[in-house]
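File shown: run.tsv (TSV, C-alpha atoms).
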chain	number	residue	atom	x	y	z
A	166	MET	CA	59.47	75.87	172.93
A	167	ILE	CA	57.86	77.87	175.73
A	168	VAL	CA	60.03	79.29	178.52
A	169	LEU	CA	58.38	80.33	181.81
A	170	LEU	CA	59.61	83.18	184.00
A	171	THR	CA	57.50	84.00	187.08
A	172	ASP	CA	57.56	85.01	190.73
A	173	PHE	CA	55.33	82.05	191.67
A	174	GLY	CA	57.99	80.00	193.47
A	175	GLN	CA	57.30	76.32	194.11
A	176	SER	CA	53.54	76.74	193.99
A	177	GLU	CA	50.57	75.21	192.20
A	178	TYR	CA	50.41	78.32	189.99
A	179	VAL	CA	53.31	77.11	187.85
A	180	GLY	CA	51.82	73.66	187.45
A	181	VAL	CA	48.40	74.89	186.40
A	182	MET	CA	49.93	77.24	183.81
A	183	LYS	CA	51.63	74.21	182.30
A	184	GLY	CA	48.32	72.34	182.38
A	185	VAL	CA	46.66	75.13	180.39
A	186	ILE	CA	49.49	75.16	177.87
A	187	TYR	CA	49.38	71.38	177.36
A	188	THR	CA	45.58	71.46	176.98
A	189	ILE	CA	45.98	73.78	173.98
A	190	ALA	CA	49.36	72.62	172.65
A	191	CYS	CA	49.83	69.04	173.85
A	192	ASP	CA	53.22	68.67	172.17
A	193	ALA	CA	54.69	71.86	173.63
A	194	ASN	CA	58.19	71.76	175.10
A	195	ILE	CA	58.13	73.81	178.33
A	196	VAL	CA	61.28	75.00	180.09
A	197	ASP	CA	61.38	76.69	183.51
A	198	LEU	CA	63.80	79.61	183.37
A	199	CYS	CA	63.13	80.89	186.89
A	200	HIS	CA	60.25	80.97	189.35
A	201	ASP	CA	62.01	82.44	192.38
A	202	ILE	CA	61.84	86.09	191.31
A	203	SER	CA	61.19	88.17	194.43
A	204	PRO	CA	57.42	88.78	194.62
A	205	GLN	CA	56.31	91.58	192.27
A	206	ASN	CA	59.93	92.48	191.44
A	207	ILE	CA	59.85	93.68	187.84
A	208	ILE	CA	63.48	94.89	187.95
A	209	GLU	CA	64.75	91.42	188.85
A	210	ALA	CA	62.60	89.75	186.20
A	211	SER	CA	63.78	92.24	183.58
A	212	TRP	CA	67.42	91.52	184.44
A	213	ILE	CA	67.07	87.74	184.33
A	214	LEU	CA	65.23	87.78	181.01
A	215	LYS	CA	67.68	90.24	179.45
A	216	ASN	CA	70.68	88.10	180.35
A	217	ASN	CA	69.30	84.67	179.49
A	218	TYR	CA	66.93	84.75	176.50
A	219	LYS	CA	69.83	84.56	174.03
A	220	TYR	CA	70.74	81.04	175.18
A	221	PHE	CA	67.52	79.57	173.79
A	222	PRO	CA	66.80	78.50	170.20
A	223	GLU	CA	65.19	80.81	167.68
A	224	GLY	CA	61.41	80.73	167.77
A	225	THR	CA	61.22	80.29	171.56
A	226	ALA	CA	58.24	81.97	173.25
A	227	PHE	CA	59.05	83.52	176.64
A	228	CYS	CA	56.00	83.66	178.92
A	229	CYS	CA	56.88	86.13	181.68
A	230	VAL	CA	54.44	86.64	184.55
A	231	VAL	CA	55.61	89.07	187.21
A	232	ASP	CA	52.48	91.12	187.43
A	233	PRO	CA	51.78	93.43	190.38
A	234	GLY	CA	49.12	95.15	188.22
A	235	VAL	CA	47.10	91.98	187.63
A	236	GLY	CA	43.36	92.68	187.43
A	237	THR	CA	43.85	96.36	186.51
A	238	GLU	CA	43.60	98.10	183.15
A	239	ARG	CA	47.24	97.43	182.26
A	240	ASN	CA	47.68	95.76	178.86
A	241	ALA	CA	48.72	92.17	178.25
A	242	LEU	CA	51.33	91.94	175.49
A	243	ALA	CA	52.60	89.53	172.89
A	244	VAL	CA	55.71	90.70	171.04
A	245	LYS	CA	57.36	89.20	167.97
A	246	THR	CA	61.01	89.98	167.26
A	247	GLU	CA	63.28	88.68	164.52
A	248	ASP	CA	64.20	85.62	166.58
A	249	PHE	CA	61.77	85.20	169.50
A	250	TYR	CA	58.33	85.77	170.98
A	251	PHE	CA	57.61	87.39	174.34
A	252	ILE	CA	54.39	87.32	176.36
A	253	ALA	CA	54.09	89.52	179.46
A	254	PRO	CA	52.11	92.22	181.24
A	255	ASP	CA	52.79	95.72	179.93
A	256	ASN	CA	54.74	96.91	182.97
A	257	GLY	CA	58.24	97.39	181.53
A	258	LEU	CA	59.44	93.84	182.16
A	259	LEU	CA	60.26	93.31	178.48
A	260	TRP	CA	61.82	96.71	177.75
A	261	GLU	CA	65.54	96.03	178.31
A	262	THR	CA	65.35	92.71	176.45
A	263	LEU	CA	63.58	94.22	173.46
A	264	GLU	CA	66.12	97.07	173.30
A	265	GLN	CA	68.62	94.42	172.17
A	266	GLN	CA	66.44	93.19	169.30
A	267	THR	CA	64.40	94.26	166.31
A	268	ILE	CA	60.69	94.29	167.09
A	269	ILE	CA	58.53	93.01	164.25
A	270	GLU	CA	55.11	93.37	165.84
A	271	ILE	CA	53.37	94.06	169.16
A	272	ARG	CA	49.89	92.75	169.90
A	273	GLN	CA	47.54	93.37	172.80
A	274	ILE	CA	46.16	90.15	174.25
A	275	PRO	CA	42.49	90.51	175.18
A	276	VAL	CA	41.54	89.66	178.75
A	277	PRO	CA	38.40	87.48	178.83
A	278	ALA	CA	35.52	88.73	180.96
A	279	ASP	CA	35.67	85.57	183.05
A	280	ALA	CA	39.44	85.74	183.67
A	281	SER	CA	40.49	85.66	187.30
A	282	ARG	CA	41.45	89.11	188.52
A	283	THR	CA	44.38	87.58	190.40
A	284	PHE	CA	45.68	84.96	187.97
A	285	HIS	CA	46.18	86.19	184.41
A	286	GLY	CA	49.14	83.80	184.21
A	287	ARG	CA	46.63	80.98	183.88
A	288	ASP	CA	43.75	82.70	182.09
A	289	VAL	CA	45.59	85.07	179.71
A	290	PHE	CA	49.34	84.53	179.32
A	291	ALA	CA	49.52	80.72	179.31
A	292	LYS	CA	46.80	80.54	176.65
A	293	ALA	CA	48.56	83.12	174.49
A	294	ALA	CA	51.90	81.31	174.82
A	295	ALA	CA	50.31	78.01	173.79
A	296	ASN	CA	48.71	79.55	170.72
A	297	ILE	CA	51.95	81.22	169.72
A	298	ASP	CA	53.71	77.86	170.08
A	299	LEU	CA	51.15	76.47	167.60
A	300	GLY	CA	52.06	79.23	165.13
A	301	ASN	CA	49.07	81.49	165.77
A	302	PHE	CA	50.77	84.74	166.78
A	303	ASP	CA	48.62	86.72	164.34
A	304	ARG	CA	45.48	85.60	166.20
A	305	VAL	CA	46.43	86.47	169.78
A	306	GLY	CA	45.19	90.07	169.63
A	307	GLU	CA	45.10	93.40	167.83
A	308	LYS	CA	48.25	95.24	166.76
A	309	ILE	CA	49.45	98.12	168.92
A	310	ARG	CA	52.44	100.42	168.63
A	311	GLU	CA	53.57	101.34	172.14
A	312	MET	CA	54.48	99.66	175.40
A	313	GLN	CA	55.67	100.64	178.87
A	314	LYS	CA	59.34	101.54	179.25
A	315	LEU	CA	61.54	100.45	182.17
A	316	GLU	CA	65.23	101.29	181.96
A	317	LEU	CA	67.47	99.85	184.67
A	318	TYR	CA	69.16	102.92	186.13
A	319	ARG	CA	72.83	103.47	185.40
A	320	ASN	CA	74.79	106.74	185.36
A	321	GLN	CA	78.52	106.32	184.82
A	322	ARG	CA	79.71	104.39	187.92
A	323	GLN	CA	76.39	104.51	189.75
A	324	GLY	CA	73.88	101.77	189.05
A	325	ILE	CA	71.47	99.57	190.95
A	326	VAL	CA	71.25	96.17	192.58
A	327	VAL	CA	69.41	94.06	190.02
A	328	ARG	CA	69.30	90.69	191.79
A	329	ILE	CA	70.28	88.92	194.97
A	330	ASP	CA	70.69	85.26	194.10
A	331	ARG	CA	70.13	82.25	196.35
A	332	PHE	CA	73.79	82.30	197.39
A	333	GLY	CA	73.46	85.87	198.68
A	334	ASN	CA	75.52	87.40	195.87
A	335	VAL	CA	74.56	91.04	195.33
A	336	ILE	CA	74.39	91.47	191.55
A	337	THR	CA	74.71	94.95	190.03
A	338	ASN	CA	74.35	96.35	186.52
A	339	LEU	CA	77.83	97.93	186.61
A	340	THR	CA	80.67	96.54	184.52
A	341	LYS	CA	84.18	96.00	185.83
A	342	GLN	CA	87.17	98.25	185.25
A	343	ASP	CA	90.83	97.28	185.16
A	344	LYS	CA	91.31	97.57	188.92
A	345	ASP	CA	92.35	95.37	191.81
A	346	LYS	CA	90.36	97.37	194.38
A	347	TYR	CA	87.12	99.31	194.23
A	348	SER	CA	85.35	101.85	196.37
A	349	VAL	CA	81.77	100.72	196.95
A	350	GLN	CA	79.06	103.01	198.31
A	351	ILE	CA	75.55	101.87	199.26
A	352	ALA	CA	73.40	104.59	200.83
A	353	ASP	CA	75.63	106.22	203.50
A	354	LYS	CA	77.95	103.22	203.89
A	355	LYS	CA	81.30	102.95	202.14
A	356	TYR	CA	83.50	99.90	201.63
A	357	LEU	CA	86.85	99.15	200.04
A	358	MET	CA	86.66	95.78	198.27
A	359	ASN	CA	89.19	93.66	196.43
A	360	TYR	CA	88.40	92.36	192.96
A	361	CYS	CA	88.91	88.60	192.56
A	362	PRO	CA	88.84	86.68	189.26
A	363	ASP	CA	87.27	83.65	190.97
A	364	TYR	CA	85.89	82.58	194.35
A	365	ASP	CA	88.98	80.60	195.30
A	366	SER	CA	91.14	83.74	195.11
A	367	ALA	CA	89.07	85.55	197.74
A	368	LYS	CA	89.90	85.69	201.43
A	369	ASN	CA	87.63	83.99	203.93
A	370	ASP	CA	84.98	86.15	205.60
A	371	GLU	CA	85.77	89.18	203.43
A	372	LEU	CA	83.40	90.87	200.99
A	373	PHE	CA	84.87	91.06	197.49
A	374	LEU	CA	83.87	91.87	193.91
A	375	ILE	CA	83.75	89.39	191.05
A	376	GLU	CA	82.49	89.54	187.47
A	377	GLY	CA	79.38	87.39	187.27
A	378	SER	CA	77.86	85.44	184.40
A	379	GLY	CA	75.95	88.54	183.23
A	380	ASN	CA	79.31	90.33	182.76
A	381	THR	CA	78.66	92.78	185.59
A	382	LEU	CA	80.08	93.17	189.07
A	383	GLU	CA	78.74	91.17	191.98
A	384	ILE	CA	79.51	91.51	195.67
A	385	SER	CA	80.24	88.07	197.11
A	386	LEU	CA	81.44	86.36	200.27
A	387	LYS	CA	83.54	83.22	199.93
A	388	ASN	CA	81.55	80.24	201.25
A	389	GLY	CA	79.01	82.67	202.68
A	390	ASN	CA	76.12	85.04	202.05
A	391	ALA	CA	77.21	88.58	201.18
A	392	ASN	CA	73.78	90.07	201.67
A	393	ASP	CA	73.60	88.82	205.23
A	394	LYS	CA	76.26	91.48	205.85
A	395	LEU	CA	74.99	94.20	203.50
A	396	HIS	CA	71.19	93.95	203.85
A	397	VAL	CA	70.50	95.63	200.49
A	398	LYS	CA	67.41	95.32	198.29
A	399	VAL	CA	66.87	94.97	194.56
A	400	GLY	CA	66.52	98.43	193.02
A	401	GLU	CA	68.80	100.10	195.58
A	402	LYS	CA	71.41	102.45	194.10
A	403	ILE	CA	75.06	101.48	194.33
A	404	THR	CA	78.29	103.24	193.28
A	405	ILE	CA	81.37	101.19	192.39
A	406	SER	CA	84.40	103.22	191.36
Could you take the file, read its structure, and then write that structure out as structure tokens?
Amino acid sequence: MIVLLTDFGQSEYVGVMKGVIYTIACDANIVDLCHDISPQNIIEASWILKNNYKYFPEGTAFCCVVDPGVGTERNALAVKTEDFYFIAPDNGLLWETLEQQTIIEIRQIPVPADASRTFHGRDVFAKAAANIDLGNFDRVGEKIREMQKLELYRNQRQGIVVRIDRFGNVITNLTKQDKDKYSVQIADKKYLMNYCPDYDSAKNDELFLIEGSGNTLEISLKNGNANDKLHVKVGEKITIS
């Protein structure tokens, strides 16, 4: 199985990556994890991969293309762990996911001379994913030892916004405490928010905190868009105490 994670949205780029994969591995099973990552947002991609890879069967190859450094000298990686394979640019996207696993081997995928300088998803990563799906991990490139590190900032009760989903929920990397109310600070603005165990318990038109599916706190608005009120961005620091 090959799982795709990109910032390509509903574009032809996703379709042509699948075409390349099927040309090499015609029996591949391709699953779309997410294609609506904010453009070039490595933090958001890292968070989504970290929280979702574990729900796929062993042997799955995750092809992750959020690549603001496309066309530069940054490496292209293929990583084998005890249970999975990961293909991605060497920009830190894989770091938090791999911290949860045992790495068996890292390989550097060569970039062909005729590869597009704007579309390595098609010309580098899709091809590598297809070959790994066929069982050819050992042939995708030379072994290397190191890769770029990207830790999602967290210091006690200060963390960051890691994703704003399509409902406008502001997702953080901070876990809940045993409290009914929290003090929330974003930049120079402070809020007092109730904690609710579910959406139905929240009051209308009032920002509140809830534990999301990634087991961290999210700021939500019942039947509304929380970020329309907060106007925060992924990567912004937030304190919840």
Sorted by chain and rising residue number, list the residues of segment 258-309 of chain A at most 8 Å from segment 180-195 of chain A (counting all atoms listed in the file), each with its closest atom pair and distance in Å to one decimal, as JSON lines.
{"residue": "A:Gly286", "atom": "CA", "partner": "A:Met182", "partner_atom": "CA", "distance": 6.6}
{"residue": "A:Arg287", "atom": "CA", "partner": "A:Met182", "partner_atom": "CA", "distance": 5.0}
{"residue": "A:Ala291", "atom": "CA", "partner": "A:Met182", "partner_atom": "CA", "distance": 5.7}
{"residue": "A:Lys292", "atom": "CA", "partner": "A:Ile186", "partner_atom": "CA", "distance": 6.1}
{"residue": "A:Ala294", "atom": "CA", "partner": "A:Ile186", "partner_atom": "CA", "distance": 7.3}
{"residue": "A:Ala295", "atom": "CA", "partner": "A:Ile186", "partner_atom": "CA", "distance": 5.0}
{"residue": "A:Asn296", "atom": "CA", "partner": "A:Ile189", "partner_atom": "CA", "distance": 7.2}
{"residue": "A:Asp298", "atom": "CA", "partner": "A:Ala193", "partner_atom": "CA", "distance": 7.0}
{"residue": "A:Leu299", "atom": "CA", "partner": "A:Ala190", "partner_atom": "CA", "distance": 6.6}
Export C-alpha atoms of the chosen residues as a short mmCIF file (atom, residue, chain, number, x, y, z; two decimals), keeping the file's coordinate frame?
data_model
loop_
_atom_site.label_atom_id
_atom_site.label_comp_id
_atom_site.auth_asym_id
_atom_site.auth_seq_id
_atom_site.Cartn_x
_atom_site.Cartn_y
_atom_site.Cartn_z
CA GLY A 286 49.14 83.80 184.21
CA ARG A 287 46.63 80.98 183.88
CA ALA A 291 49.52 80.72 179.31
CA LYS A 292 46.80 80.54 176.65
CA ALA A 294 51.90 81.31 174.82
CA ALA A 295 50.31 78.01 173.79
CA ASN A 296 48.71 79.55 170.72
CA ASP A 298 53.71 77.86 170.08
CA LEU A 299 51.15 76.47 167.60
#
| Nearest to Ile329 of chain A, chosen from A:Tyr218, A:Gly400, A:Cys199, A:Asn240, with all atoms listed in the file counted in the distances | A:Gly400
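For the residues A:Ser203, A:Asn301, A:Ser176, A:Thr404, ranking by smallest atom-to-atom distance to Lys354 of chain A using all atoms listed in the file places A:Thr404 first.
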| said: If we draw a sphere of 12 Å around (78.3, 93.4, 188.3), which residues have at least one atom in it when counting only C-alpha atoms? Please report them as JSON, numbers by chain. | reply: {"A": [212, 319, 322, 323, 324, 325, 326, 327, 328, 329, 334, 335, 336, 337, 338, 339, 340, 341, 342, 349, 360, 373, 374, 375, 376, 377, 378, 379, 380, 381, 382, 383, 384, 385, 403, 404, 405, 406]}
| Using all atoms listed in the file, which of A:Gln313, A:Gln265, A:Ala352, A:Gly236 sits nearest Pro277 of chain A? | A:Gly236
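The interatomic distance for the pair atom CA of Phe302 of chain A and atom CA of Arg272 of chain A works out to 8.6 Å.
Of the listed residues A:Thr237, A:Gly333, A:Asp345, A:Leu315, the one whose atoms come nearest to Pro362 of chain A is A:Asp345, with distances taken using all atoms listed in the file.
The gap separating atom CA of Ala253 of chain A from atom CA of Phe290 of chain A is 6.9 Å, in Å to one decimal.
Interatomic distance, atom CA of Val244 of chain A to atom CA of Val196 of chain A: 19.0 Å.
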Applying 8 Å and all atoms listed in the file, which residues near Asn369 of chain A remain after dropping the ones on its own chain fewer than 2 positions away? List them as a compact mmCIF listing (two decimals) with C-alpha atoms, in the coordinates of the input.
# COMPACT_ATOMS: atom_id res chain seq x y z
CA ALA A 367 89.07 85.55 197.74
CA GLU A 371 85.77 89.18 203.43
CA LEU A 386 81.44 86.36 200.27
CA LYS A 387 83.54 83.22 199.93
CA ASN A 388 81.55 80.24 201.25
| field | Using only C-alpha atoms: which of A:Ile202, A:Met358, A:Met312, A:Ile208 has the shortest distance to Gly174 of chain A | value | A:Ile202
Near-Ile309 of chain A list (10 Å; all atoms listed in the file; drop same-chain fewer than 2 positions) as an mmCIF file with C-alpha atoms, in the frame of the given file:
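Output file out.cif follows:
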data_model
loop_
_atom_site.group_PDB
_atom_site.id
_atom_site.type_symbol
_atom_site.label_atom_id
_atom_site.label_comp_id
_atom_site.auth_asym_id
_atom_site.auth_seq_id
_atom_site.Cartn_x
_atom_site.Cartn_y
_atom_site.Cartn_z
ATOM 1 C CA LEU A 242 51.330 91.940 175.490
ATOM 2 C CA ALA A 243 52.600 89.530 172.890
ATOM 3 C CA VAL A 244 55.710 90.700 171.040
ATOM 4 C CA GLU A 270 55.110 93.370 165.840
ATOM 5 C CA ILE A 271 53.370 94.060 169.160
ATOM 6 C CA ARG A 272 49.890 92.750 169.900
ATOM 7 C CA GLN A 273 47.540 93.370 172.800
ATOM 8 C CA GLY A 306 45.190 90.070 169.630
ATOM 9 C CA GLU A 307 45.100 93.400 167.830
ATOM 10 C CA GLU A 311 53.570 101.340 172.140
ATOM 11 C CA MET A 312 54.480 99.660 175.400
#
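Every residue within 10 Å of the file position (66.5, 89.1, 179.2), judged by all atoms listed in the file, is given as Ala210, Ser211, Trp212, Ile213, Leu214, Lys215, Asn216, Asn217, Tyr218, Lys219, Tyr220, Phe227, Leu258, Leu259, Trp260, Glu261, Thr262, Leu263, Glu264 and Gln265 of chain A.
Of the listed residues (A:Arg239, A:Ile252, A:Thr246, A:Thr267), A:Arg239 comes nearest to Arg282 of chain A; the distances count all atoms listed in the file.
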